[in-house]
Amino acid sequence: MTTPSREAVIILDFGSQYSQLIARRVRELEVYCELVHYDVSADDLAHLNVRGFILSGGPASVYADGAPHLPEFILNSGQPILGICYGMQLLAYHLGGKVDPSDKQEYGSAEIIPNEQSNLLVDSPQQVWMSHGDHVAQLPNGFEPFAHSTNSPYAVIGHVDRKIYGIQFHPEVTHTPNGKTILHNFLYRICDCSGGWTTGNFIEESITQIREQVGEGQVICGLSGGVDSSVVAALLHRAIGNQLTCIFVNNGLMRKNEPEQVAQTFRTEMAANLIATDATEEFLSALAGVTDPERKRKIIGEKFIRIFEAEARNLGQVDFLAQGTLYPDVIESAVAGKQGAATTIKTHHNVGGLPDDMQFGLIEPLRYLFKDEVRAVGEALGLPHRMVWRHPFPGPGLAVRILGEITWERLETLRDADAIFMEELWNSDWYHQTSQAFAVLLPVKTVGVMGDGRTYADVIALRAVTTDDFMTADWAKLPTDLLALTSNRIVNEVAKVNRVVYDVSSKPPATIEWE
Ligand code: XMP
């Protein structure tokens, strides 16, 4: 979803681990940007009002075989360019300078000292974060060195008239304290951006676009209780009111009070059309006796699609399916060469798609947003704070947190224990300091003692992690007082539990979920 005249800065991704971070920083500075593969074509960008380019870092060496290079149209565009690290080396290479390969990495904090005033830099010496091997050894014609470091005469270079700049360090990471100012200067002083990429503007623009796209059509949106689908539904409802029908399939594997919360928010407070199907019995009977995690996922995925499809068919005419695809999903599928989404229910539910005869137009209003932007939109649309800030919750729900057989009784045990853990995390202000936290019900019983008698009861494991990307994670160092309070409450308030343990494993080698 794009507006033809939308001001944008384009970030070319040369493979740096920080590329997405550059995009987030630019958005935080209220300039819309897109992160694109380095061999983008001018046509791909024709729908945007491009104000400048940022070239990311990358692991390659400009002289290496197969090294990624700059598309010609970028240097010919006359637009401002900022090359970061490998991006700077590319500029030097393409504009007639010289890059020296180096076996030695410069990695870590360094100090840069400005040589003279420039539009890009703050004036005083400053700490920056370096991470590079090769370096620029000779400047292209017309370029000046604006700052040096102990290791390099060319820490910041630029051609003022052509508005082309290169910096050897990473302004996007927090280890470069003035990095945001440098990006701000590039965007506003050099690219002359007008800014205004704010939550309020996004909502207004999206509403106009959704109305245009949908016309008189009918839209369905699957709700999961999670942040993304909730924000999509709230935005759609704001835009098209009763032309939207939300479908919520309660699989019985949700956390405590979640189905009620979905109905309260969407049906009662928002007055949206909501079909809430309680399919608990159906899911639980299909899962009876199943202990293999992959089998559980498969059963849940297939049931979900079948029920969702039946509800959608009941509605009669449906023209569009709205879903909460986010920008990182888009980047990922573009990188994997899978651009052009088919009508599939978000992989969230880990299954294929709807039958072939159910082809809807897709509405993906969050397609260009990062998660933190989605949360800001959710808050602005008046969704409940705890829904907006909810940790990720897997599609198969509590099925991946009950090891062994899933029964209603065991689900209730887990729900109660998990609710206590969540309550204590919120009360202690630790919910926001963890990326994901939950309780797990183990498939073993252990001996305990309560009053005068021995017990033989369930074990709950508590898991809390911190992570940026969920690919790797560290276990959260929760205060012992908080763990003690949570453990006490669980064994006292949840009848079938006599023992609580805390998971102190990182990912890898463990995973976040226990399954
Ligand atoms: P793991 O356990 O692989 O989890 O470290 C990484 C992240 O993925 C979530 N997760 C899932 N999400 N369907 C989902 O939608 C699933 O089947 C699933 N399994 C794991 C997990 O909660 C964590 O955030």
# chains A, B, ... in the order shown; residues from 1 in each chain; ligands from 1

$ residues_around --residues "His132 in chain A" --least-positions-apart "3" --cutoff "7 Å" --atoms "only C-alpha atoms" --output "ChimeraX atom specification"
/A:85,105-107

$ write_last_selection --atoms "N, CA and C atoms" --output "compact mmCIF listing (two decimals), in the first residue's frame"
# COMPACT_ATOMS: atom_id res chain seq x y z
N CYS A 85 29.80 2.63 5.88
CA CYS A 85 30.75 1.52 5.93
C CYS A 85 30.97 0.92 4.53
N GLN A 105 40.47 -6.26 11.04
CA GLN A 105 39.17 -5.65 11.31
C GLN A 105 39.35 -4.50 12.27
N GLU A 106 38.64 -3.39 12.04
CA GLU A 106 38.54 -2.41 13.11
C GLU A 106 37.13 -2.58 13.67
N TYR A 107 37.04 -3.02 14.91
CA TYR A 107 35.74 -3.37 15.46
C TYR A 107 35.62 -2.79 16.86

$ residues_near_ligand --ligand "ligand 1" --cutoff "9 Å" --atoms "only C-alpha atoms and all ligand atoms" --output "JSON, numbers by chain"
{"A": [294, 297, 346, 347, 348, 349, 350, 391, 392, 393, 394, 395, 396, 397, 400, 435, 436, 469, 470, 471, 472, 473, 507, 508, 510, 511, 512, 513, 514, 515]}

$ write_last_selection --atoms "N, CA, C and O atoms" --output "short mmCIF file (atom, residue, chain, number, x, y, z; two decimals), in the first residue's frame"
data_model
loop_
_atom_site.label_atom_id
_atom_site.label_comp_id
_atom_site.auth_asym_id
_atom_site.auth_seq_id
_atom_site.Cartn_x
_atom_site.Cartn_y
_atom_site.Cartn_z
N GLU A 294 4.64 -32.01 16.59
CA GLU A 294 4.36 -31.71 15.19
C GLU A 294 2.94 -32.10 14.81
O GLU A 294 2.25 -31.42 14.06
N ARG A 297 0.51 -29.48 16.11
CA ARG A 297 0.48 -28.30 15.25
C ARG A 297 -0.34 -28.53 13.99
O ARG A 297 -1.10 -27.69 13.56
N LYS A 346 -2.02 -15.79 7.27
CA LYS A 346 -0.66 -15.56 7.76
C LYS A 346 -0.11 -16.83 8.40
O LYS A 346 -0.79 -17.53 9.12
N THR A 347 1.17 -17.10 8.14
CA THR A 347 1.79 -18.35 8.58
C THR A 347 1.73 -18.54 10.08
O THR A 347 2.03 -19.60 10.59
N HIS A 348 1.41 -17.51 10.76
CA HIS A 348 1.01 -17.53 12.15
C HIS A 348 0.31 -18.85 12.54
O HIS A 348 0.55 -19.40 13.58
N HIS A 349 -0.56 -19.29 11.66
CA HIS A 349 -1.28 -20.53 11.99
C HIS A 349 -0.60 -21.75 11.39
O HIS A 349 -1.11 -22.85 11.48
N ASN A 350 0.57 -21.51 10.81
CA ASN A 350 1.42 -22.61 10.38
C ASN A 350 0.77 -23.58 9.41
O ASN A 350 1.00 -24.78 9.46
N HIS A 391 3.07 -9.81 24.55
CA HIS A 391 4.19 -10.58 23.99
C HIS A 391 3.67 -11.44 22.84
O HIS A 391 2.49 -11.79 22.82
N PRO A 392 4.55 -11.85 21.94
CA PRO A 392 4.10 -12.76 20.89
C PRO A 392 3.55 -14.05 21.50
O PRO A 392 4.03 -14.49 22.55
N PHE A 393 2.54 -14.57 20.84
CA PHE A 393 1.91 -15.80 21.33
C PHE A 393 1.79 -16.74 20.12
O PHE A 393 1.29 -16.33 19.07
N PRO A 394 2.29 -17.97 20.23
CA PRO A 394 2.33 -18.82 19.03
C PRO A 394 0.94 -19.19 18.53
O PRO A 394 0.00 -19.30 19.31
N GLY A 395 0.82 -19.37 17.21
CA GLY A 395 -0.46 -19.76 16.60
C GLY A 395 -1.10 -20.96 17.28
O GLY A 395 -2.29 -20.93 17.59
N PRO A 396 -0.34 -22.05 17.53
CA PRO A 396 -0.95 -23.22 18.17
C PRO A 396 -1.23 -23.02 19.67
O PRO A 396 -1.65 -23.95 20.35
N GLY A 397 -0.98 -21.83 20.15
CA GLY A 397 -1.39 -21.46 21.51
C GLY A 397 -0.77 -22.33 22.59
O GLY A 397 0.38 -22.77 22.49
N VAL A 400 1.58 -25.69 22.55
CA VAL A 400 3.04 -25.87 22.55
C VAL A 400 3.61 -25.67 23.96
O VAL A 400 4.80 -25.78 24.17
N SER A 435 10.96 -10.00 26.64
CA SER A 435 10.39 -10.00 25.28
C SER A 435 9.26 -11.02 25.18
O SER A 435 8.36 -10.89 24.37
N GLN A 436 9.37 -12.07 25.97
CA GLN A 436 8.34 -13.10 25.97
C GLN A 436 8.44 -13.84 27.29
O GLN A 436 9.53 -14.14 27.75
N ASP A 469 15.28 -10.38 18.22
CA ASP A 469 14.74 -10.94 16.99
C ASP A 469 14.16 -12.34 17.16
O ASP A 469 13.74 -12.95 16.18
N PHE A 470 14.17 -12.89 18.34
CA PHE A 470 13.64 -14.23 18.63
C PHE A 470 14.44 -15.36 17.97
O PHE A 470 14.09 -16.51 18.08
N MET A 471 15.50 -15.00 17.26
CA MET A 471 16.37 -16.03 16.68
C MET A 471 17.35 -16.52 17.73
O MET A 471 17.71 -17.69 17.78
N THR A 472 17.83 -15.58 18.53
CA THR A 472 18.64 -15.94 19.69
C THR A 472 17.97 -15.24 20.87
O THR A 472 17.26 -14.25 20.68
N ALA A 473 18.16 -15.77 22.05
CA ALA A 473 17.51 -15.15 23.21
C ALA A 473 18.31 -15.49 24.46
O ALA A 473 18.98 -16.52 24.53
N LYS A 507 18.84 -19.35 24.17
CA LYS A 507 18.63 -19.90 22.82
C LYS A 507 19.73 -19.36 21.93
O LYS A 507 19.82 -18.13 21.81
N PRO A 508 20.53 -20.12 21.22
CA PRO A 508 20.66 -21.55 21.41
C PRO A 508 21.41 -21.86 22.70
O PRO A 508 21.97 -20.94 23.26
N ALA A 510 18.91 -23.98 23.72
CA ALA A 510 17.48 -24.28 23.91
C ALA A 510 16.67 -23.45 22.92
O ALA A 510 17.22 -22.57 22.24
N THR A 511 15.38 -23.69 22.82
CA THR A 511 14.48 -22.80 22.08
C THR A 511 13.70 -22.01 23.11
O THR A 511 13.84 -22.23 24.31
N ILE A 512 12.88 -21.08 22.62
CA ILE A 512 12.09 -20.29 23.58
C ILE A 512 10.94 -21.14 24.10
O ILE A 512 10.76 -21.29 25.31
N GLU A 513 10.16 -21.71 23.20
CA GLU A 513 9.07 -22.60 23.62
C GLU A 513 9.65 -23.95 24.04
O GLU A 513 10.71 -24.35 23.58
N TRP A 514 8.88 -24.67 24.85
CA TRP A 514 9.33 -26.01 25.27
C TRP A 514 8.77 -27.11 24.37
O TRP A 514 9.40 -28.13 24.17
N GLU A 515 7.55 -26.89 23.86
CA GLU A 515 6.84 -27.85 23.01
C GLU A 515 6.53 -29.15 23.73
O GLU A 515 7.13 -30.18 23.42
#

$ residues_around --residues "Thr199 in chain A" --least-positions-apart "2" --cutoff "10 Å" --atoms "only C-alpha atoms" --output "NGL selection string"
:A and (30 or 196-197 or 201-205 or 373-381)

$ select_by_dssp --residues "range 4-38 of chain A" --states "alpha helix (DSSP H)" --output "PyMOL selection string"
chain A and resi 19-28

$ residues_around --residues "Ala8 in chain A" --least-positions-apart "3" --cutoff "10 Å" --atoms "only C-alpha atoms" --output "PDB file with C-alpha atoms, in the first residue's frame"
ATOM      1  CA  SER A   5       3.581  11.130  -3.884  1.00  0.00           C
ATOM      2  CA  ILE A  11      17.924   2.230   1.964  1.00  0.00           C
ATOM      3  CA  VAL A  26      14.926   6.882   9.828  1.00  0.00           C
ATOM      4  CA  ARG A  27      11.269   6.183  10.641  1.00  0.00           C
ATOM      5  CA  VAL A  31      10.765  10.145   7.494  1.00  0.00           C
ATOM      6  CA  TYR A  32       9.194   7.262   5.612  1.00  0.00           C
ATOM      7  CA  CYS A  33      11.788   4.884   4.185  1.00  0.00           C
ATOM      8  CA  GLU A  34      11.931   1.553   2.466  1.00  0.00           C
ATOM      9  CA  LEU A  45      10.832   3.133  -6.965  1.00  0.00           C
ATOM     10  CA  LEU A  48       7.655   7.092  -4.481  1.00  0.00           C
ATOM     11  CA  ASN A  49       8.856  10.642  -4.160  1.00  0.00           C
ATOM     12  CA  VAL A  50      12.458   9.636  -3.458  1.00  0.00           C
ATOM     13  CA  ARG A  51      14.433  12.263  -1.516  1.00  0.00           C
ATOM     14  CA  GLY A  52      17.693  10.383  -1.045  1.00  0.00           C
ATOM     15  CA  PHE A  53      19.479   7.072  -0.733  1.00  0.00           C
ATOM     16  CA  CYS A 193      12.912  16.010   3.747  1.00  0.00           C
ATOM     17  CA  GLY A 195       9.150  14.634   7.588  1.00  0.00           C
ATOM     18  CA  TRP A 197       5.758  10.269   8.987  1.00  0.00           C
TER      19      TRP A 197
END

$ closest_residue --among "A:Glu260, A:Asp319, A:Glu405, A:Asp278" --to "Ile363 in chain A" --atoms "only C-alpha atoms"
A:Asp319

$ residues_around --residues "Trp430 in chain A" --least-positions-apart "3" --cutoff "12 Å" --atoms "only C-alpha atoms" --output "ChimeraX atom specification"
/A:421-427,433-437,464-466,476-479,482-483

$ closest_atom_pairs --of "range 164-225 of chain A" --to "range 141-153 of chain A" --cutoff "12 Å" --atoms "only C-alpha atoms" --output "JSON lines"
{"residue": "A:Ile164", "atom": "CA", "partner": "A:Phe143", "partner_atom": "CA", "distance": 8.6}
{"residue": "A:Tyr165", "atom": "CA", "partner": "A:Phe143", "partner_atom": "CA", "distance": 8.6}
{"residue": "A:Gly166", "atom": "CA", "partner": "A:Pro145", "partner_atom": "CA", "distance": 9.5}
{"residue": "A:Ile167", "atom": "CA", "partner": "A:Ala147", "partner_atom": "CA", "distance": 9.1}
{"residue": "A:Gln168", "atom": "CA", "partner": "A:Ser152", "partner_atom": "CA", "distance": 9.0}
{"residue": "A:Phe169", "atom": "CA", "partner": "A:Ser149", "partner_atom": "CA", "distance": 10.4}

$ write_last_selection --atoms "N, CA and C atoms" --output "PDB file, in the first residue's frame"
ATOM      1  N   ILE A 164      26.823  13.956  -1.759  1.00  0.00           N
ATOM      2  CA  ILE A 164      27.143  12.536  -1.562  1.00  0.00           C
ATOM      3  C   ILE A 164      28.126  12.428  -0.394  1.00  0.00           C
ATOM      4  N   TYR A 165      27.757  11.619   0.601  1.00  0.00           N
ATOM      5  CA  TYR A 165      28.575  11.504   1.806  1.00  0.00           C
ATOM      6  C   TYR A 165      28.863  10.040   2.123  1.00  0.00           C
ATOM      7  N   GLY A 166      30.010   9.805   2.749  1.00  0.00           N
ATOM      8  CA  GLY A 166      30.328   8.454   3.197  1.00  0.00           C
ATOM      9  C   GLY A 166      30.791   8.502   4.640  1.00  0.00           C
ATOM     10  N   ILE A 167      30.345   7.547   5.433  1.00  0.00           N
ATOM     11  CA  ILE A 167      30.847   7.474   6.808  1.00  0.00           C
ATOM     12  C   ILE A 167      31.318   6.050   7.084  1.00  0.00           C
ATOM     13  N   GLN A 168      32.460   5.979   7.756  1.00  0.00           N
ATOM     14  CA  GLN A 168      33.091   4.685   7.965  1.00  0.00           C
ATOM     15  C   GLN A 168      32.432   3.903   9.099  1.00  0.00           C
ATOM     16  N   PHE A 169      31.661   4.582   9.942  1.00  0.00           N
ATOM     17  CA  PHE A 169      31.124   3.944  11.158  1.00  0.00           C
ATOM     18  C   PHE A 169      29.607   3.754  11.022  1.00  0.00           C
TER      19      PHE A 169
END

$ atom_distance --atom1 "CA of Ser506 in chain A" --atom2 "CA of Ile402 in chain A"
20.1 Å

$ residues_around --residues "Leu485 in chain A" --least-positions-apart "4" --cutoff "10 Å" --atoms "only C-alpha atoms" --output "list of chain:residue names"
A:Ile420, A:Phe421, A:Glu424, A:Thr480, A:Asp481, A:Arg489, A:Ile490
